[in-house]
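> Please see the structure below; I have some questions.
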Amino acid sequence: MTPAPSPDPAAPLLLFDSGVGGLSVLAKVRAVLPQAPVIYVADNAGLPYGDKTEAQIAARVSGLLGRLTERLRPRLVCIACNTASTIALAAVREVLEVPIVGTVPAIKPAAAMTRTGVIGLLGTAATIRQAYVDKLEAEFAHDKLLLRHGAPELVAAAEAKLRGETVDEAIYHRAAQALRDMPGGERIDTVVLACTHFPLVRDELGLAFGPGVQFIDGSDGIARRIAYLTEGQPWQRARPDLAMFTRGGADVDMLGPALAAQGLDRVEIF
């Protein structure tokens, strides 16, 4: 068998999310692959994904990633969005000829971490209702109590925080209280952040939940998977890394400092 040719050293990693949540994943990727060129794509014209139907999300994500990979020629695509991954990952893998890494709720490590046996899961409304999440629960947390809550306010809060805006702290307390109010919720000691936006407001959620609660998300595992799939490949950053948005506007301009902090020094509208 002829070995696969090495990719162009300048071929980037493509990270895709509905907004800026995927920056929490990018930070972990930077830690293990600092030399990797990156293009970060935010489908902010479609934000939020959590209130869309499965058919809408699958069609939108597949279409966008098809056009993006044709234009940008990435060596690997990371869908840094739990909602898009739990709904569209299989469909995207069928149509794209590059490695695809998805993002799924970190239920398995949460089940290993919990001491009380009660786990909270915060995600979008679309994510928490997916059969994929049911499958993860049945496989890894069948002997635990998994309490799910859709918290779309947290997506908007994370976006606003990265724009430098003031966010009402009541948003975080409402998310925490919604889980606490469920039967068994007072015993939650581990919370799965099943949306890549939510680690961006981890500190605020920590204050809302109070002491004794630990948080887990899938970003470390994603970074390890990307490093494994690209092991031994050459890297060359021919140009400054790029952030692309599907819609321009003042809100995108306000994200400049947050993007620069993640090494994304160029911004374009796709």
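Ligands are numbered from 1 in the order shown, chains are lettered A, B, ... in the order of the structure tokens, and residues start at 1 in each chain.
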So that I can see what lies close to Pro152 in chain A, please list as a PDB file with C-alpha atoms, in the first residue's frame the residues with an atom at most 10 Å from it, counting only C-alpha atoms and leaving out residues fewer than 2 positions away in the same chain.

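Wrote it out as out27.pdb, contents follow:
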```
ATOM      1  CA  PRO A  48     -27.941  30.255  17.716  1.00  0.00           C
ATOM      2  CA  TYR A  49     -28.063  26.652  16.514  1.00  0.00           C
ATOM      3  CA  GLY A  50     -29.827  25.455  19.640  1.00  0.00           C
ATOM      4  CA  ASP A  51     -33.258  26.696  18.594  1.00  0.00           C
ATOM      5  CA  LEU A 122     -25.857  22.087  30.514  1.00  0.00           C
ATOM      6  CA  GLY A 123     -26.278  22.371  26.763  1.00  0.00           C
ATOM      7  CA  THR A 124     -28.465  23.891  24.112  1.00  0.00           C
ATOM      8  CA  ALA A 125     -32.050  22.734  23.760  1.00  0.00           C
ATOM      9  CA  ALA A 126     -31.096  20.904  20.567  1.00  0.00           C
ATOM     10  CA  HIS A 149     -31.007  21.528  31.179  1.00  0.00           C
ATOM     11  CA  GLY A 150     -31.095  23.603  28.009  1.00  0.00           C
ATOM     12  CA  LEU A 154     -25.461  31.053  28.409  1.00  0.00           C
ATOM     13  CA  VAL A 155     -24.600  31.096  24.700  1.00  0.00           C
ATOM     14  CA  ALA A 156     -25.563  34.761  24.445  1.00  0.00           C
ATOM     15  CA  ALA A 157     -23.766  35.492  27.729  1.00  0.00           C
ATOM     16  CA  ILE A 171     -28.278  34.363  33.846  1.00  0.00           C
ATOM     17  CA  ALA A 175     -28.969  27.927  34.821  1.00  0.00           C
ATOM     18  CA  CYS A 195     -21.684  23.511  24.643  1.00  0.00           C
TER      19      CYS A 195
END
```
> Would you list, as a PyMOL selection string, the residues of range 38-96 of chain A that end up in helix (DSSP H, G or I) under DSSP run on this structure's backbone?
chain A and resi 54-72+82-95
> Report as a ChimeraX atom specification all protein, DNA and RNA residues lying within 10 Å of Pro99 in chain A, evaluated on only C-alpha atoms, omitting residues in the same chain fewer than 6 positions from it.
/A:74-78,93,226,229-230
> Among the residues of range 150-246 of chain A, find those DSSP assigns to strand (DSSP E) from the backbone and print them as a list in words.
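Those in range 150-246 of chain A that DSSP calls strand (DSSP E) are Gly150, Thr190, Val191, Val192, Leu193, Gln214, Phe215, Ile216, Leu242, Ala243, Met244 and Phe245 of chain A.
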> Excluding range 254-259 of chain A and any residue of its chain fewer than 4 positions from it, enumerate the residues within 6 Å of it, using only C-alpha atoms, and give them as a PyMOL selection string.
chain A and resi 162-163+264
> How would the residues just picked look written out with C-alpha atoms as a PDB file, in the first residue's frame?

```pdb
ATOM      1  CA  LEU A 162     -16.054  38.111  24.711  1.00  0.00           C
ATOM      2  CA  ARG A 163     -17.308  41.356  23.199  1.00  0.00           C
ATOM      3  CA  LEU A 264      -6.424  35.098  15.246  1.00  0.00           C
TER       4      LEU A 264
END
```
> With only C-alpha atoms as the basis for distance, which of A:Ile188, A:Val92, A:Asp168, A:Ala131 is at the shortest distance from Leu146 in chain A?
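Nearest to Leu146 in chain A: A:Ile188.
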> Which residue out of A:Ile107, A:Val267, A:Val118, A:Leu145 has the minimum interatomic distance to Gly248 in chain A when only C-alpha atoms are used?
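Looking at the shortest contact to Gly248 in chain A, the residue is A:Val267.
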> For CA of Ser6 in chain A and CA of Glu231 in chain A, quote the distance in Å rounded to one decimal.
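According to the coordinates, CA of Ser6 in chain A and CA of Glu231 in chain A are separated by 10.9 Å.
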> Counting only C-alpha atoms, which residue out of A:Ala260, A:Ala223, A:Leu14, A:Ala88 sits closest to Pro240 in chain A?
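Among A:Ala260, A:Ala223, A:Leu14, A:Ala88, it is A:Ala260 that comes nearest to Pro240 in chain A.
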> What's the separation between CA of Pro105 in chain A and CA of Leu193 in chain A, in Å to one decimal place?
7.2 Å
> Mind giving me the straight-line distance from CA of Pro109 in chain A to CA of Asp189 in chain A in Å, one decimal?
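So the two atoms, CA of Pro109 in chain A and CA of Asp189 in chain A, lie 13.2 Å apart.
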> Produce a table with one row for each residue of range 31-90 of chain A that has an atom at most 12 Å from any atom of range 198-217 of chain A, each row naming the nearest atom pair and its distance in Å at one decimal; use only C-alpha atoms; arrange rows by chain and rising residue number; format as a Markdown table.

```
| residue | atom | partner | partner_atom | distance |
| --- | --- | --- | --- | --- |
| A:Ala80 | CA | A:Asp217 | CA | 11.6 |
| A:Cys81 | CA | A:Phe198 | CA | 10.9 |
| A:Asn82 | CA | A:Asp217 | CA | 10.3 |
```
> Filtering to N, CA and C atoms, could you give me those residues as a PDB file, in the first residue's frame?

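Saved as again-v1.pdb:
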```pdb
ATOM      1  N   ALA A  80     -16.289  22.277  16.310  1.00  0.00           N
ATOM      2  CA  ALA A  80     -16.131  22.662  17.718  1.00  0.00           C
ATOM      3  C   ALA A  80     -17.456  23.156  18.273  1.00  0.00           C
ATOM      4  N   CYS A  81     -18.483  22.335  18.115  1.00  0.00           N
ATOM      5  CA  CYS A  81     -19.846  22.695  18.501  1.00  0.00           C
ATOM      6  C   CYS A  81     -20.582  21.404  18.826  1.00  0.00           C
ATOM      7  N   ASN A  82     -21.062  21.291  20.059  1.00  0.00           N
ATOM      8  CA  ASN A  82     -21.769  20.078  20.460  1.00  0.00           C
ATOM      9  C   ASN A  82     -23.048  19.876  19.663  1.00  0.00           C
TER      10      ASN A  82
END
```
> List the neighbours of Ala141 in chain A out to 12 Å using only C-alpha atoms; skip same-chain residues closer than 3 positions along the sequence, and give me the result as a PyMOL selection string.
chain A and resi 106-114+117-120+133-138+144-147
> I need the residues from that last selection saved to file as a PDB file, in the first residue's frame (with N, CA, C and O atoms), if you can.

```
ATOM      1  N   ALA A 106     -19.170  15.460  27.501  1.00  0.00           N
ATOM      2  CA  ALA A 106     -18.165  14.691  28.251  1.00  0.00           C
ATOM      3  C   ALA A 106     -18.816  13.893  29.372  1.00  0.00           C
ATOM      4  O   ALA A 106     -18.452  14.003  30.553  1.00  0.00           O
ATOM      5  N   ILE A 107     -19.776  13.049  29.010  1.00  0.00           N
ATOM      6  CA  ILE A 107     -20.507  12.261  30.000  1.00  0.00           C
ATOM      7  C   ILE A 107     -19.624  11.149  30.576  1.00  0.00           C
ATOM      8  O   ILE A 107     -19.681  10.867  31.780  1.00  0.00           O
ATOM      9  N   LYS A 108     -18.800  10.534  29.739  1.00  0.00           N
ATOM     10  CA  LYS A 108     -17.942   9.443  30.229  1.00  0.00           C
ATOM     11  C   LYS A 108     -16.996   9.914  31.327  1.00  0.00           C
ATOM     12  O   LYS A 108     -16.962   9.306  32.415  1.00  0.00           O
ATOM     13  N   PRO A 109     -16.201  10.974  31.120  1.00  0.00           N
ATOM     14  CA  PRO A 109     -15.327  11.407  32.219  1.00  0.00           C
ATOM     15  C   PRO A 109     -16.104  11.941  33.415  1.00  0.00           C
ATOM     16  O   PRO A 109     -15.666  11.793  34.560  1.00  0.00           O
ATOM     17  N   ALA A 110     -17.265  12.535  33.171  1.00  0.00           N
ATOM     18  CA  ALA A 110     -18.072  13.033  34.290  1.00  0.00           C
ATOM     19  C   ALA A 110     -18.520  11.888  35.185  1.00  0.00           C
ATOM     20  O   ALA A 110     -18.526  11.998  36.419  1.00  0.00           O
ATOM     21  N   ALA A 111     -18.886  10.765  34.566  1.00  0.00           N
ATOM     22  CA  ALA A 111     -19.321   9.605  35.341  1.00  0.00           C
ATOM     23  C   ALA A 111     -18.192   9.059  36.205  1.00  0.00           C
ATOM     24  O   ALA A 111     -18.426   8.534  37.299  1.00  0.00           O
ATOM     25  N   ALA A 112     -16.962   9.196  35.719  1.00  0.00           N
ATOM     26  CA  ALA A 112     -15.807   8.746  36.500  1.00  0.00           C
ATOM     27  C   ALA A 112     -15.450   9.727  37.615  1.00  0.00           C
ATOM     28  O   ALA A 112     -14.855   9.335  38.627  1.00  0.00           O
ATOM     29  N   MET A 113     -15.846  10.984  37.443  1.00  0.00           N
ATOM     30  CA  MET A 113     -15.474  12.023  38.397  1.00  0.00           C
ATOM     31  C   MET A 113     -16.441  12.148  39.567  1.00  0.00           C
ATOM     32  O   MET A 113     -16.030  12.464  40.683  1.00  0.00           O
ATOM     33  N   THR A 114     -17.729  11.936  39.306  1.00  0.00           N
ATOM     34  CA  THR A 114     -18.725  12.229  40.328  1.00  0.00           C
ATOM     35  C   THR A 114     -18.564  11.346  41.559  1.00  0.00           C
ATOM     36  O   THR A 114     -18.280  10.147  41.467  1.00  0.00           O
ATOM     37  N   GLY A 117     -22.809  10.655  42.443  1.00  0.00           N
ATOM     38  CA  GLY A 117     -23.570   9.923  41.441  1.00  0.00           C
ATOM     39  C   GLY A 117     -24.599  10.758  40.725  1.00  0.00           C
ATOM     40  O   GLY A 117     -25.378  10.237  39.921  1.00  0.00           O
ATOM     41  N   VAL A 118     -24.606  12.070  40.977  1.00  0.00           N
ATOM     42  CA  VAL A 118     -25.562  12.965  40.318  1.00  0.00           C
ATOM     43  C   VAL A 118     -24.791  13.972  39.466  1.00  0.00           C
ATOM     44  O   VAL A 118     -23.961  14.723  39.989  1.00  0.00           O
ATOM     45  N   ILE A 119     -25.085  13.963  38.175  1.00  0.00           N
ATOM     46  CA  ILE A 119     -24.380  14.797  37.201  1.00  0.00           C
ATOM     47  C   ILE A 119     -25.363  15.759  36.557  1.00  0.00           C
ATOM     48  O   ILE A 119     -26.453  15.360  36.121  1.00  0.00           O
ATOM     49  N   GLY A 120     -24.987  17.020  36.471  1.00  0.00           N
ATOM     50  CA  GLY A 120     -25.767  17.994  35.718  1.00  0.00           C
ATOM     51  C   GLY A 120     -25.185  18.136  34.322  1.00  0.00           C
ATOM     52  O   GLY A 120     -23.969  17.997  34.129  1.00  0.00           O
ATOM     53  N   VAL A 133     -27.009  11.733  22.949  1.00  0.00           N
ATOM     54  CA  VAL A 133     -26.784  11.954  24.377  1.00  0.00           C
ATOM     55  C   VAL A 133     -27.397  10.817  25.182  1.00  0.00           C
ATOM     56  O   VAL A 133     -26.821  10.357  26.178  1.00  0.00           O
ATOM     57  N   ASP A 134     -28.566  10.346  24.759  1.00  0.00           N
ATOM     58  CA  ASP A 134     -29.170   9.181  25.409  1.00  0.00           C
ATOM     59  C   ASP A 134     -28.215   7.986  25.363  1.00  0.00           C
ATOM     60  O   ASP A 134     -28.070   7.246  26.342  1.00  0.00           O
ATOM     61  N   LYS A 135     -27.585   7.799  24.208  1.00  0.00           N
ATOM     62  CA  LYS A 135     -26.666   6.680  24.038  1.00  0.00           C
ATOM     63  C   LYS A 135     -25.463   6.815  24.972  1.00  0.00           C
ATOM     64  O   LYS A 135     -25.047   5.825  25.604  1.00  0.00           O
ATOM     65  N   LEU A 136     -24.891   8.018  25.064  1.00  0.00           N
ATOM     66  CA  LEU A 136     -23.757   8.227  25.960  1.00  0.00           C
ATOM     67  C   LEU A 136     -24.157   7.966  27.412  1.00  0.00           C
ATOM     68  O   LEU A 136     -23.406   7.362  28.185  1.00  0.00           O
ATOM     69  N   GLU A 137     -25.353   8.417  27.772  1.00  0.00           N
ATOM     70  CA  GLU A 137     -25.831   8.190  29.138  1.00  0.00           C
ATOM     71  C   GLU A 137     -25.984   6.700  29.414  1.00  0.00           C
ATOM     72  O   GLU A 137     -25.561   6.200  30.464  1.00  0.00           O
ATOM     73  N   ALA A 138     -26.588   5.969  28.480  1.00  0.00           N
ATOM     74  CA  ALA A 138     -26.818   4.539  28.673  1.00  0.00           C
ATOM     75  C   ALA A 138     -25.505   3.765  28.752  1.00  0.00           C
ATOM     76  O   ALA A 138     -25.387   2.795  29.514  1.00  0.00           O
ATOM     77  N   LYS A 144     -25.786   6.291  37.074  1.00  0.00           N
ATOM     78  CA  LYS A 144     -25.769   7.636  37.644  1.00  0.00           C
ATOM     79  C   LYS A 144     -27.105   8.317  37.373  1.00  0.00           C
ATOM     80  O   LYS A 144     -27.923   7.838  36.584  1.00  0.00           O
ATOM     81  N   LEU A 145     -27.316   9.433  38.006  1.00  0.00           N
ATOM     82  CA  LEU A 145     -28.468  10.285  37.703  1.00  0.00           C
ATOM     83  C   LEU A 145     -27.969  11.467  36.889  1.00  0.00           C
ATOM     84  O   LEU A 145     -27.182  12.278  37.400  1.00  0.00           O
ATOM     85  N   LEU A 146     -28.381  11.531  35.626  1.00  0.00           N
ATOM     86  CA  LEU A 146     -27.964  12.614  34.731  1.00  0.00           C
ATOM     87  C   LEU A 146     -29.134  13.565  34.541  1.00  0.00           C
ATOM     88  O   LEU A 146     -30.177  13.183  33.994  1.00  0.00           O
ATOM     89  N   LEU A 147     -28.966  14.799  34.974  1.00  0.00           N
ATOM     90  CA  LEU A 147     -30.007  15.821  34.879  1.00  0.00           C
ATOM     91  C   LEU A 147     -29.610  16.812  33.797  1.00  0.00           C
ATOM     92  O   LEU A 147     -28.523  17.386  33.828  1.00  0.00           O
TER      93      LEU A 147
END
```
